[in-house]
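What's in entry_31.cif: mmCIF, C-alpha atoms and all ligand atoms
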```cif
data_query
loop_
_atom_site.label_atom_id
_atom_site.label_comp_id
_atom_site.auth_asym_id
_atom_site.auth_seq_id
_atom_site.Cartn_x
_atom_site.Cartn_y
_atom_site.Cartn_z
CA MET U 815 80.23 226.00 165.56
CA SER U 816 83.43 224.21 164.79
CA SER U 817 82.70 220.69 163.59
CA TYR U 818 85.79 219.26 165.28
CA LYS U 819 85.20 217.14 168.33
CA THR U 820 87.98 216.05 170.61
CA ARG U 821 88.16 212.95 172.73
CA LYS U 822 86.37 213.43 176.03
CA THR U 823 88.61 213.74 179.06
CA PRO U 824 88.04 214.05 182.83
CA GLY U 825 89.17 217.67 183.30
CA ASP U 826 87.68 220.93 182.07
CA THR U 827 89.47 221.93 178.87
CA THR U 828 86.87 224.39 177.55
CA TRP U 829 88.74 227.50 178.70
CA PHE U 830 92.02 225.95 177.65
CA THR U 831 91.21 225.49 173.99
CA GLN U 832 89.85 229.04 173.89
CA ASP U 833 92.94 230.56 175.43
CA ARG U 834 95.50 228.78 173.24
CA PHE U 835 98.68 230.39 174.52
CA GLY U 836 100.48 229.97 177.83
CA MET U 837 103.79 230.65 179.53
CA PHE U 838 105.90 227.78 180.84
CA ILE U 839 108.30 228.84 183.59
CA HIS U 840 111.29 226.71 184.53
CA TRP U 841 112.90 228.12 187.58
CA GLY U 842 114.90 226.54 190.35
CA LEU U 843 118.42 226.04 191.71
CA TYR U 844 119.69 225.19 188.21
CA ALA U 845 119.34 228.87 187.31
CA LEU U 846 122.59 229.41 189.24
CA PRO U 847 124.91 227.12 187.27
CA ALA U 848 122.94 228.42 184.28
CA ARG U 849 123.92 225.60 182.00
CA HIS U 850 120.79 223.42 181.75
CA GLU U 851 118.16 222.37 184.23
CA TRP U 852 119.53 218.84 184.04
CA VAL U 853 122.99 219.99 185.12
CA LYS U 854 123.06 217.89 188.26
CA SER U 855 122.57 214.72 186.26
CA LEU U 856 124.46 215.74 183.12
CA GLU U 857 127.58 216.50 185.16
CA ARG U 858 126.94 213.70 187.66
CA MET U 859 127.25 216.36 190.30
CA SER U 860 127.66 215.34 193.92
CA GLU U 861 125.12 216.34 196.55
CA GLU U 862 127.72 218.63 198.16
CA LYS U 863 128.42 220.44 194.92
CA TYR U 864 124.74 220.93 194.16
CA GLN U 865 124.11 222.00 197.72
CA GLN U 866 126.16 225.15 197.05
CA TYR U 867 123.33 226.49 194.92
CA PHE U 868 120.82 225.81 197.65
CA ASN U 869 123.02 227.60 200.17
CA ILE U 870 123.16 230.83 198.19
CA PHE U 871 119.83 230.81 196.33
CA ASN U 872 118.51 234.32 196.82
CA PRO U 873 116.51 235.74 193.93
CA ASP U 874 116.51 239.30 195.16
CA LEU U 875 114.97 240.61 191.95
CA TYR U 876 112.10 238.13 191.82
CA ASP U 877 108.99 240.03 190.85
CA PRO U 878 106.26 237.69 189.63
CA HIS U 879 104.07 240.71 188.90
CA ASP U 880 106.58 241.65 186.26
CA TRP U 881 106.59 238.11 184.84
CA ALA U 882 102.81 238.16 184.76
CA ALA U 883 102.75 241.56 183.08
CA GLN U 884 105.11 240.33 180.38
CA ALA U 885 103.14 237.13 179.88
CA LYS U 886 99.96 239.09 179.59
CA ALA U 887 101.42 241.59 177.16
CA ALA U 888 102.62 238.68 175.03
CA GLY U 889 99.03 237.49 174.82
CA MET U 890 99.53 234.51 177.08
CA LYS U 891 96.47 233.57 179.09
CA TYR U 892 97.86 231.04 181.51
CA ALA U 893 101.11 229.93 183.05
CA VAL U 894 102.70 226.76 184.36
CA LEU U 895 105.51 227.06 186.90
CA THR U 896 107.92 224.34 188.03
CA THR U 897 106.95 223.94 191.68
CA LYS U 898 109.55 221.15 191.81
CA HIS U 899 111.85 220.03 189.00
CA HIS U 900 113.90 216.85 188.63
CA ASP U 901 116.47 218.02 191.18
CA GLY U 902 113.73 217.76 193.80
CA PHE U 903 114.04 221.35 194.98
CA CYS U 904 110.68 222.84 195.96
CA LEU U 905 109.80 226.46 195.35
CA PHE U 906 107.02 226.12 197.90
CA ASP U 907 106.80 225.67 201.63
CA SER U 908 106.18 221.94 201.85
CA LYS U 909 105.79 220.27 205.22
CA HIS U 910 107.18 217.06 203.78
CA THR U 911 110.71 218.18 202.95
CA GLU U 912 113.45 220.50 204.09
CA TYR U 913 114.62 220.87 200.50
CA LYS U 914 112.61 224.01 199.76
CA SER U 915 112.95 227.69 199.07
CA THR U 916 111.93 228.72 202.58
CA ASN U 917 115.14 227.11 203.86
CA THR U 918 117.38 228.98 201.42
CA PRO U 919 118.42 232.63 201.81
CA ALA U 920 115.28 233.41 199.75
CA LYS U 921 113.28 232.39 202.84
CA ARG U 922 109.99 232.64 200.96
CA ASP U 923 107.30 230.53 199.41
CA LEU U 924 107.93 231.54 195.82
CA VAL U 925 105.00 229.56 194.50
CA LYS U 926 102.60 231.55 196.61
CA GLU U 927 103.91 234.83 195.21
CA TYR U 928 103.63 233.47 191.69
CA VAL U 929 100.05 232.34 192.20
CA ASP U 930 99.01 235.66 193.70
CA ALA U 931 100.67 237.72 191.00
CA PHE U 932 99.42 235.73 188.02
CA ARG U 933 95.95 235.50 189.38
CA ALA U 934 95.91 239.23 190.04
CA ALA U 935 96.86 239.78 186.40
CA GLY U 936 93.89 237.67 185.33
CA LEU U 937 95.92 234.71 184.13
CA LYS U 938 95.10 231.11 184.84
CA VAL U 939 97.56 229.30 187.06
CA GLY U 940 99.21 225.93 186.55
CA PHE U 941 101.74 223.83 188.45
CA TYR U 942 104.43 221.67 186.92
CA TYR U 943 105.43 218.90 189.28
CA SER U 944 108.35 216.60 188.49
CA LEU U 945 107.76 212.91 189.03
CA ILE U 946 111.51 212.53 188.90
CA ASP U 947 113.31 213.54 192.08
CA TRP U 948 117.07 213.35 192.42
CA ASN U 949 117.02 214.48 196.01
CA HIS U 950 114.50 212.20 197.66
CA PRO U 951 116.26 209.38 199.60
CA HIS U 952 113.74 206.81 198.40
CA PHE U 953 113.89 207.71 194.74
CA THR U 954 115.88 204.88 193.17
CA ILE U 955 118.91 205.51 191.02
CA ASP U 956 118.20 204.87 187.33
CA ARG U 957 119.58 205.83 183.94
CA MET U 958 118.68 209.51 184.46
CA HIS U 959 119.99 209.86 187.97
CA PRO U 960 123.09 211.90 188.90
CA ARG U 961 124.46 208.87 190.78
CA GLN U 962 124.04 206.48 187.82
CA ASP U 963 127.82 206.09 187.29
CA ASP U 964 128.78 205.61 190.93
CA GLU U 965 130.52 202.29 191.43
CA ASP U 966 128.25 201.43 194.29
CA ALA U 967 125.09 202.73 192.64
CA ILE U 968 123.30 199.41 192.87
CA LYS U 969 124.25 199.18 196.51
CA GLN U 970 122.98 202.69 197.11
CA ASN U 971 119.61 201.55 195.86
CA GLU U 972 119.31 198.96 198.59
CA GLY U 973 116.73 200.02 201.08
CA ARG U 974 115.26 202.67 198.80
CA ASP U 975 111.52 202.24 198.71
CA LEU U 976 109.65 203.89 195.87
CA THR U 977 106.32 203.44 197.58
CA ILE U 978 107.49 205.90 200.22
CA TYR U 979 108.36 208.32 197.45
CA ALA U 980 104.96 207.80 195.79
CA GLN U 981 103.30 208.72 199.07
CA TYR U 982 105.53 211.81 199.29
CA MET U 983 104.28 212.92 195.89
CA ARG U 984 100.67 212.49 196.94
CA ASP U 985 101.36 214.50 200.06
CA GLN U 986 102.94 217.30 198.09
CA VAL U 987 100.24 217.34 195.46
CA THR U 988 97.75 217.58 198.30
CA GLU U 989 99.59 220.61 199.63
CA LEU U 990 99.83 222.23 196.22
CA LEU U 991 96.15 221.76 195.49
CA THR U 992 94.96 222.71 198.96
CA ASN U 993 97.04 225.72 199.93
CA TYR U 994 96.90 227.95 196.85
CA GLY U 995 93.27 228.17 195.84
CA LYS U 996 91.97 227.08 192.46
CA ILE U 997 94.68 225.63 190.25
CA ASP U 998 93.91 225.19 186.59
CA ILE U 999 96.61 222.83 185.35
CA LEU U 1000 98.73 220.10 186.91
CA TRP U 1001 101.65 219.25 184.66
CA PHE U 1002 103.45 216.05 185.71
CA ASP U 1003 106.83 215.17 184.18
CA PHE U 1004 107.62 212.31 183.18
CA SER U 1005 107.69 208.49 182.66
CA TYR U 1006 110.45 206.63 180.84
CA ASP U 1007 111.89 203.27 179.81
CA GLY U 1008 114.98 201.65 181.19
CA SER U 1009 118.29 201.17 179.40
CA GLU U 1010 120.64 198.25 179.02
CA LYS U 1011 122.56 199.21 182.12
CA TRP U 1012 119.49 200.33 184.04
CA PRO U 1013 116.69 198.08 182.81
CA GLN U 1014 114.18 199.57 185.22
CA GLY U 1015 112.51 202.67 183.85
CA LYS U 1016 109.82 204.46 185.77
CA ASP U 1017 106.17 204.57 184.85
CA LYS U 1018 102.66 204.62 186.23
CA ASP U 1019 103.21 201.69 188.56
CA ASP U 1020 106.20 203.37 190.16
CA TRP U 1021 104.45 206.72 190.52
CA GLU U 1022 101.25 204.96 191.61
CA SER U 1023 99.66 207.24 189.07
CA GLU U 1024 96.10 206.16 189.67
CA LYS U 1025 96.27 207.12 193.31
CA LEU U 1026 98.22 210.27 192.48
CA ILE U 1027 95.60 211.45 190.02
CA LYS U 1028 92.78 210.52 192.32
CA THR U 1029 94.43 212.59 195.04
CA ALA U 1030 94.49 215.56 192.70
CA ARG U 1031 90.97 215.16 191.35
CA ASP U 1032 89.44 214.63 194.77
CA ILE U 1033 90.65 218.11 195.68
CA GLN U 1034 90.21 219.87 192.34
CA PRO U 1035 88.03 217.80 190.01
CA HIS U 1036 88.07 220.28 187.12
CA ILE U 1037 91.87 220.47 186.92
CA ILE U 1038 93.64 219.76 183.63
CA ILE U 1039 96.25 217.01 183.96
CA ASP U 1040 98.77 215.98 181.31
CA ASN U 1041 99.54 212.43 180.19
CA ARG U 1042 103.07 212.09 181.44
CA THR U 1043 102.24 210.00 184.51
CA GLY U 1044 101.74 207.14 182.07
CA LEU U 1045 97.98 207.41 182.44
CA GLU U 1046 95.84 209.11 179.86
CA GLN U 1047 94.24 212.27 181.20
CA ASP U 1048 93.40 215.56 179.50
CA LEU U 1049 96.48 216.70 177.67
CA TRP U 1050 98.80 215.35 175.01
CA THR U 1051 102.09 217.25 175.21
CA PRO U 1052 104.41 217.13 172.20
CA GLU U 1053 107.71 218.58 173.38
CA GLN U 1054 110.14 220.54 171.19
CA PHE U 1055 108.15 219.34 168.22
CA GLN U 1056 105.53 221.08 166.12
CA PRO U 1057 102.89 218.66 164.89
CA ALA U 1058 101.86 219.42 161.31
CA GLU U 1059 98.44 217.88 161.86
CA TRP U 1060 95.96 217.76 164.71
CA VAL U 1061 97.25 215.21 167.21
CA ARG U 1062 95.15 212.07 167.29
CA HIS U 1063 94.54 209.39 169.87
CA GLU U 1064 96.95 206.51 169.42
CA GLU U 1065 94.23 203.87 169.29
CA SER U 1066 90.89 205.43 168.45
CA GLY U 1067 92.24 208.01 166.02
CA GLU U 1068 90.08 210.71 167.62
CA TYR U 1069 91.37 214.25 167.81
CA VAL U 1070 92.78 215.03 171.26
CA THR U 1071 93.41 218.18 173.27
CA TRP U 1072 97.07 218.95 172.83
CA GLU U 1073 99.65 221.49 173.81
CA ALA U 1074 103.08 221.83 172.24
CA CYS U 1075 105.74 222.98 174.70
CA GLN U 1076 108.65 224.90 173.31
CA THR U 1077 111.67 226.89 174.41
CA PHE U 1078 113.08 230.16 173.18
CA SER U 1079 116.60 228.77 173.04
CA GLY U 1080 116.88 225.05 173.79
CA SER U 1081 117.15 224.35 177.49
CA TRP U 1082 114.22 225.03 179.81
CA GLY U 1083 116.11 226.47 182.74
CA TYR U 1084 118.08 229.68 182.34
CA HIS U 1085 121.11 228.99 180.16
CA ARG U 1086 123.58 231.80 180.03
CA ASP U 1087 125.66 230.66 177.07
CA GLU U 1088 123.10 229.16 174.75
CA GLN U 1089 123.09 230.86 171.36
CA THR U 1090 120.20 229.13 169.67
CA TRP U 1091 117.51 231.73 170.31
CA LYS U 1092 114.64 231.59 167.88
CA SER U 1093 113.85 234.60 165.75
CA PRO U 1094 110.69 236.66 166.34
CA GLU U 1095 109.34 235.42 163.02
CA MET U 1096 109.84 231.78 163.95
CA LEU U 1097 108.22 232.34 167.33
CA VAL U 1098 105.12 233.93 165.87
CA LYS U 1099 104.84 231.23 163.22
CA MET U 1100 105.09 228.50 165.85
CA LEU U 1101 102.04 229.93 167.58
CA ILE U 1102 100.10 230.20 164.33
CA ASN U 1103 101.13 226.72 163.18
CA THR U 1104 99.94 225.29 166.48
CA VAL U 1105 96.51 226.88 166.45
CA SER U 1106 96.08 226.13 162.74
CA VAL U 1107 96.04 222.44 163.61
CA GLY U 1108 93.94 222.69 166.73
CA GLY U 1109 96.57 222.94 169.46
CA ASN U 1110 97.83 225.16 172.26
CA LEU U 1111 101.33 226.52 172.65
CA LEU U 1112 103.13 226.61 175.99
CA MET U 1113 106.20 228.78 175.44
CA ASN U 1114 108.92 228.60 178.04
CA VAL U 1115 110.96 231.18 179.90
CA GLY U 1116 113.83 230.39 182.24
CA PRO U 1117 114.23 233.25 184.69
CA THR U 1118 117.71 234.05 186.01
CA ALA U 1119 119.05 233.13 189.44
CA ARG U 1120 118.25 236.64 190.59
CA GLY U 1121 114.69 236.17 189.50
CA TYR U 1122 114.14 238.27 186.41
CA LEU U 1123 113.66 237.54 182.72
CA ASP U 1124 116.82 238.47 180.89
CA ASN U 1125 116.93 240.74 177.84
CA ARG U 1126 116.82 237.89 175.40
CA ALA U 1127 113.66 236.49 176.95
CA GLN U 1128 112.10 239.94 177.10
CA TYR U 1129 112.92 240.50 173.45
CA ALA U 1130 111.38 237.16 172.48
CA LEU U 1131 108.25 237.91 174.49
CA ALA U 1132 108.07 241.33 172.91
CA ALA U 1133 107.82 239.70 169.48
CA TYR U 1134 104.61 238.10 170.67
CA SER U 1135 103.38 241.31 172.31
CA GLU U 1136 103.78 243.28 169.13
CA TRP U 1137 102.09 240.74 166.97
CA MET U 1138 99.35 239.72 169.41
CA LYS U 1139 98.39 243.30 170.13
CA TYR U 1140 96.86 243.49 166.66
CA ASN U 1141 96.30 239.89 165.68
CA SER U 1142 95.20 237.98 168.77
CA ARG U 1143 91.64 237.78 167.44
CA SER U 1144 92.91 235.15 165.03
CA ILE U 1145 94.26 233.05 167.91
CA TYR U 1146 91.84 233.16 170.86
CA GLY U 1147 88.82 230.94 170.39
CA CYS U 1148 90.15 229.82 167.04
CA THR U 1149 91.01 226.43 165.71
CA MET U 1150 91.73 224.49 162.54
CA ALA U 1151 89.67 225.70 159.56
CA GLU U 1152 86.68 223.58 158.59
CA PRO U 1153 87.31 220.62 156.27
CA ASP U 1154 85.43 222.22 153.36
CA ILE U 1155 87.65 225.31 153.60
CA LEU U 1156 91.06 223.71 154.06
CA PRO U 1157 91.54 222.72 150.39
CA SER U 1158 91.47 226.40 149.38
CA LEU U 1159 94.59 227.21 151.39
CA PRO U 1160 97.11 229.00 149.16
CA GLN U 1161 100.80 228.14 149.16
CA ASP U 1162 102.90 229.44 152.08
CA CYS U 1163 99.82 230.34 154.08
CA ARG U 1164 97.97 229.06 157.12
CA TYR U 1165 94.34 229.23 158.20
CA THR U 1166 92.60 229.42 161.52
CA GLN U 1167 88.87 229.81 161.96
CA SER U 1168 86.79 231.20 164.79
CA GLU U 1169 84.82 228.73 166.87
CA ASP U 1170 81.49 230.12 165.55
CA GLY U 1171 82.77 229.61 162.03
CA LYS U 1172 82.16 233.21 160.99
CA ARG U 1173 85.70 234.43 160.58
CA LEU U 1174 88.48 232.83 158.65
CA TYR U 1175 92.04 234.02 159.21
CA LEU U 1176 94.57 233.73 156.45
CA TYR U 1177 98.22 234.09 157.48
CA VAL U 1178 100.50 235.05 154.65
CA TYR U 1179 103.96 233.59 155.38
CA THR U 1180 105.51 234.62 152.10
CA TRP U 1181 104.10 237.80 150.66
CA PRO U 1182 103.15 237.17 147.03
CA PHE U 1183 102.79 239.71 144.27
CA GLU U 1184 99.30 241.14 144.54
CA TYR U 1185 97.11 238.06 144.09
CA LEU U 1186 96.13 235.24 146.35
CA LEU U 1187 93.84 232.66 144.77
CA LEU U 1188 91.42 230.71 146.92
CA PRO U 1189 89.73 227.98 144.89
CA GLY U 1190 86.25 227.05 146.04
CA MET U 1191 85.82 230.13 148.23
CA ALA U 1192 83.74 232.29 145.88
CA GLY U 1193 80.34 232.99 147.35
CA LYS U 1194 81.56 232.23 150.86
CA VAL U 1195 83.28 235.49 151.73
CA LYS U 1196 81.42 238.75 152.39
CA TYR U 1197 84.31 241.01 153.15
CA ALA U 1198 88.04 240.91 153.73
CA GLN U 1199 90.45 243.10 155.61
CA LEU U 1200 93.96 243.14 156.96
CA LEU U 1201 93.53 242.27 160.59
CA HIS U 1202 96.23 244.50 162.07
CA ASP U 1203 94.81 247.79 160.76
CA GLY U 1204 91.31 246.87 159.62
CA SER U 1205 91.97 248.10 156.08
CA GLU U 1206 89.89 246.57 153.32
CA VAL U 1207 91.38 243.95 151.06
CA ARG U 1208 89.55 243.76 147.76
CA ILE U 1209 88.11 240.43 146.66
CA GLU U 1210 86.83 239.33 143.27
CA GLU U 1211 85.05 236.19 142.25
CA GLY U 1212 85.18 233.78 139.34
CA LYS U 1213 88.33 234.90 137.65
CA LEU U 1214 91.27 237.16 137.78
CA ASN U 1215 90.27 240.44 136.22
CA HIS U 1216 93.44 240.70 134.21
CA PHE U 1217 94.53 240.41 130.61
CA GLY U 1218 97.25 237.87 131.23
CA VAL U 1219 97.13 234.51 129.60
CA GLY U 1220 96.56 231.10 131.09
CA LEU U 1221 95.31 232.43 134.39
CA PRO U 1222 93.20 230.23 136.55
CA GLU U 1223 89.53 230.85 136.44
CA GLY U 1224 86.57 228.97 137.64
CA GLU U 1225 83.25 229.53 139.25
CA GLY U 1226 84.47 228.90 142.73
CA LEU U 1227 87.58 231.00 142.54
CA LEU U 1228 88.05 233.81 145.02
CA VAL U 1229 90.71 236.32 144.17
CA VAL U 1230 92.21 238.31 147.04
CA ARG U 1231 94.05 241.44 145.98
CA LEU U 1232 96.83 242.35 148.32
CA PRO U 1233 98.76 245.58 148.56
CA ILE U 1234 102.03 245.37 146.65
CA ILE U 1235 104.13 246.03 149.70
CA LYS U 1236 104.02 243.63 152.58
CA PRO U 1237 102.63 245.44 155.60
CA ASP U 1238 105.10 246.00 158.41
CA VAL U 1239 103.88 243.04 160.44
CA ILE U 1240 105.90 239.89 161.10
CA VAL U 1241 103.11 237.72 159.74
CA PRO U 1242 100.25 239.65 158.14
CA VAL U 1243 96.78 238.24 158.68
CA ILE U 1244 93.80 238.64 156.39
CA GLU U 1245 90.48 238.40 158.11
CA LEU U 1246 87.76 236.97 155.91
CA PHE U 1247 84.15 237.51 156.96
CA LEU U 1248 82.29 234.40 155.95
CA GLU U 1249 78.70 234.29 154.70
C1 LIG U 1301 111.66 217.34 179.59
C2 LIG U 1301 112.79 217.68 180.52
C3 LIG U 1301 112.53 218.78 181.40
C4 LIG U 1301 111.47 219.78 181.03
C5 LIG U 1301 110.34 219.16 180.28
C6 LIG U 1301 109.34 220.15 179.75
O1 LIG U 1301 110.94 216.28 179.95
O2 LIG U 1301 113.19 216.60 181.28
O3 LIG U 1301 113.68 219.37 181.83
O4 LIG U 1301 110.97 220.24 182.21
O5 LIG U 1301 110.80 218.39 179.29
O6 LIG U 1301 108.43 219.56 178.89
#
```

Once you've parsed the file, please lay out its structure as structure tokens.
Ligand code: GLC
Amino acid sequence: MSSYKTRKTPGDTTWFTQDRFGMFIHWGLYALPARHEWVKSLERMSEEKYQQYFNIFNPDLYDPHDWAAQAKAAGMKYAVLTTKHHDGFCLFDSKHTEYKSTNTPAKRDLVKEYVDAFRAAGLKVGFYYSLIDWNHPHFTIDRMHPRQDDEDAIKQNEGRDLTIYAQYMRDQVTELLTNYGKIDILWFDFSYDGSEKWPQGKDKDDWESEKLIKTARDIQPHIIIDNRTGLEQDLWTPEQFQPAEWVRHEESGEYVTWEACQTFSGSWGYHRDEQTWKSPEMLVKMLINTVSVGGNLLMNVGPTARGYLDNRAQYALAAYSEWMKYNSRSIYGCTMAEPDILPSLPQDCRYTQSEDGKRLYLYVYTWPFEYLLLPGMAGKVKYAQLLHDGSEVRIEEGKLNHFGVGLPEGEGLLVVRLPIIKPDVIVPVIELFLE
């Protein structure tokens, strides 16, 4: 058993920390302008202008079974879809708004199709729900809002009543958690401070987070909820940042359950012109790095306006598929290596260890010439093999059996003898069977 304990939380995270790898999906009207999911705010777009996208939204090639198949092939075990993003547009048939996919030319509840498809593929299903809403008439203008620069912005805020909006959120969360069966994750986004011009930020008091979370837990008590409502729940969510150590609780210092969320290219929604796509090697290493310090990775795709994953996204997912096909055993049910093992980690390598402690996975980021030295590991390893093809890797104990001078030796030393040529795997993994 892994000796690491994480801070106790209200939801059920046992499956989550086993599964390790999920697909984030940002999809909505912003796929049409295709230049960032924040486009309405970034360009201070008028309602009329943004309405164009609503009027023609018709993802004729939407096939969530295909998304699910690609997620599954990539080794992802769960997904989180934007049921509503900051623009307020709902991909589901809500009774509490007209601003929803069923009223566009799409005419369908796209959330329902997603849930059915992902569930059918055996993946767990999560909902992202934006706390921010630039469409709701009672959501007050603030430093993020598309209307923030309007001369009469302050005046526009008169009569807006956030408590009505907070009730709207509870009503929608009720719908989302009642109408689609068991939902595994509820991913709220997000709370923020004010600015000089707009001193009022928005946080748990504005969202009425306690009531909101109670609404959710009354319907689905097990559900995993993130921390972005301003109230601590199950999940810490570093965004576009890879922690180098297990994330700890701000006050108690305990390890927490965490999930890094990342994009392939930069923006979350489909961005046609973005050129900053990560390489397959970087993508695979981000997953390994995450699990090596006890976290999950939620990797994002932004489907196109017509509803499919473009070539670049498919190519990025394929990098995971290829690698995970042979190496997923080092990811699922694995976590940070035990404290007594960590000091043996060679340069340019990472470790993960299986939950039962019996297997240690050594990821070789830079292929060295023939020898990897693991101080302190002699006597602990029964057998070693390359994970992707199950071919033996020879190990020796005590010292390097070589006539060179000044080579390290010592009772605890484990010498791993690698093939000269790096195997044709993005990141080769050595599986060490522990005593
Ligand atoms: C940010 C962005 C948002 C995205 C989210 C994902 O908070 O506002 O566009 O959905 O990150 O973590």

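Closest to ligand LIG 1301 (chain U) among U:Val1241, U:Leu1174, U:Met958, U:Ile1033 is U:Met958, based on only C-alpha atoms and all ligand atoms.
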
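Using only C-alpha atoms and all ligand atoms, residues with at least one atom at most 8 Å away from any atom of ligand LIG 1301 (chain U) are His840, Glu851, Trp852, Thr896, His899, His900, Ser944, Asp1003, Phe1004, Thr1051, Glu1053, Gln1054, Cys1075, Gln1076, Ser1081, Trp1082 and Gly1083 of chain U.
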
In Å, with one decimal, what is the gap from atom CA of Tyr1084 of chain U to atom CA of Tyr1122 of chain U?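 For atom CA of Tyr1084 of chain U relative to atom CA of Tyr1122 of chain U, the distance reads 10.3 Å.
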
Would you compute the distance between atom CA of Gly1015 of chain U and atom CA of His959 of chain U? Give it in Å to one decimal.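 Calculated distance between atom CA of Gly1015 of chain U and atom CA of His959 of chain U is 11.2 Å.
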
Atom CA of Trp948 of chain U to atom CA of Gln962 of chain U: how many Å, to one decimal? 10.8 Å

Excluding segment 1058-1072 of chain U and its own-chain neighbours fewer than 6 positions away, which residues fall within 6 Å of it when counting only C-alpha atoms? Please give them as number ranges by chain. U: 820-821, 1049-1051, 1107-1109

Across U:Val1239, U:Met859, U:Val1230, U:Val939, the smallest distance to Asp964 of chain U, with all atoms listed in the file counted, is shown by U:Met859

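Using all atoms listed in the file, the shortest contact distance between Ile1039 of chain U and any of U:Phe838, U:Tyr844, U:Tyr1185, U:Phe830 is found at U:Phe830.
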
Assuming the input is short of atoms at segment 950-963 of chain U, produce N, CA and C atoms for that part as a PDB file, in the coordinates of the input.
```
ATOM      1  N   HIS U 950     115.223 213.015 196.681  1.00  0.00           N
ATOM      2  CA  HIS U 950     114.500 212.200 197.660  1.00  0.00           C
ATOM      3  C   HIS U 950     115.250 210.885 197.949  1.00  0.00           C
ATOM      4  N   PRO U 951     115.456 210.566 199.232  1.00  0.00           N
ATOM      5  CA  PRO U 951     116.260 209.380 199.600  1.00  0.00           C
ATOM      6  C   PRO U 951     115.639 208.063 199.144  1.00  0.00           C
ATOM      7  N   HIS U 952     114.360 208.057 198.844  1.00  0.00           N
ATOM      8  CA  HIS U 952     113.740 206.810 198.400  1.00  0.00           C
ATOM      9  C   HIS U 952     113.510 206.749 196.897  1.00  0.00           C
ATOM     10  N   PHE U 953     113.991 207.744 196.197  1.00  0.00           N
ATOM     11  CA  PHE U 953     113.890 207.710 194.740  1.00  0.00           C
ATOM     12  C   PHE U 953     115.072 206.893 194.214  1.00  0.00           C
ATOM     13  N   THR U 954     114.782 205.784 193.559  1.00  0.00           N
ATOM     14  CA  THR U 954     115.880 204.880 193.170  1.00  0.00           C
ATOM     15  C   THR U 954     116.702 205.432 192.008  1.00  0.00           C
ATOM     16  N   ILE U 955     117.974 205.100 192.079  1.00  0.00           N
ATOM     17  CA  ILE U 955     118.910 205.510 191.020  1.00  0.00           C
ATOM     18  C   ILE U 955     118.543 204.752 189.740  1.00  0.00           C
ATOM     19  N   ASP U 956     118.511 205.477 188.620  1.00  0.00           N
ATOM     20  CA  ASP U 956     118.200 204.870 187.330  1.00  0.00           C
ATOM     21  C   ASP U 956     119.044 205.561 186.262  1.00  0.00           C
ATOM     22  N   ARG U 957     118.703 205.327 185.013  1.00  0.00           N
ATOM     23  CA  ARG U 957     119.580 205.830 183.940  1.00  0.00           C
ATOM     24  C   ARG U 957     119.593 207.352 183.804  1.00  0.00           C
ATOM     25  N   MET U 958     118.711 208.052 184.515  1.00  0.00           N
ATOM     26  CA  MET U 958     118.680 209.510 184.460  1.00  0.00           C
ATOM     27  C   MET U 958     119.396 210.135 185.660  1.00  0.00           C
ATOM     28  N   HIS U 959     119.624 209.347 186.651  1.00  0.00           N
ATOM     29  CA  HIS U 959     119.990 209.860 187.970  1.00  0.00           C
ATOM     30  C   HIS U 959     121.441 210.343 188.029  1.00  0.00           C
ATOM     31  N   PRO U 960     121.715 211.408 188.770  1.00  0.00           N
ATOM     32  CA  PRO U 960     123.090 211.900 188.900  1.00  0.00           C
ATOM     33  C   PRO U 960     124.074 210.852 189.427  1.00  0.00           C
ATOM     34  N   ARG U 961     123.574 209.873 190.178  1.00  0.00           N
ATOM     35  CA  ARG U 961     124.460 208.870 190.780  1.00  0.00           C
ATOM     36  C   ARG U 961     124.601 207.625 189.908  1.00  0.00           C
ATOM     37  N   GLN U 962     124.096 207.680 188.671  1.00  0.00           N
ATOM     38  CA  GLN U 962     124.040 206.480 187.820  1.00  0.00           C
ATOM     39  C   GLN U 962     125.410 205.844 187.565  1.00  0.00           C
ATOM     40  N   ASP U 963     126.494 206.645 187.579  1.00  0.00           N
ATOM     41  CA  ASP U 963     127.820 206.090 187.290  1.00  0.00           C
ATOM     42  C   ASP U 963     128.613 205.739 188.547  1.00  0.00           C
TER      43      ASP U 963
END
```
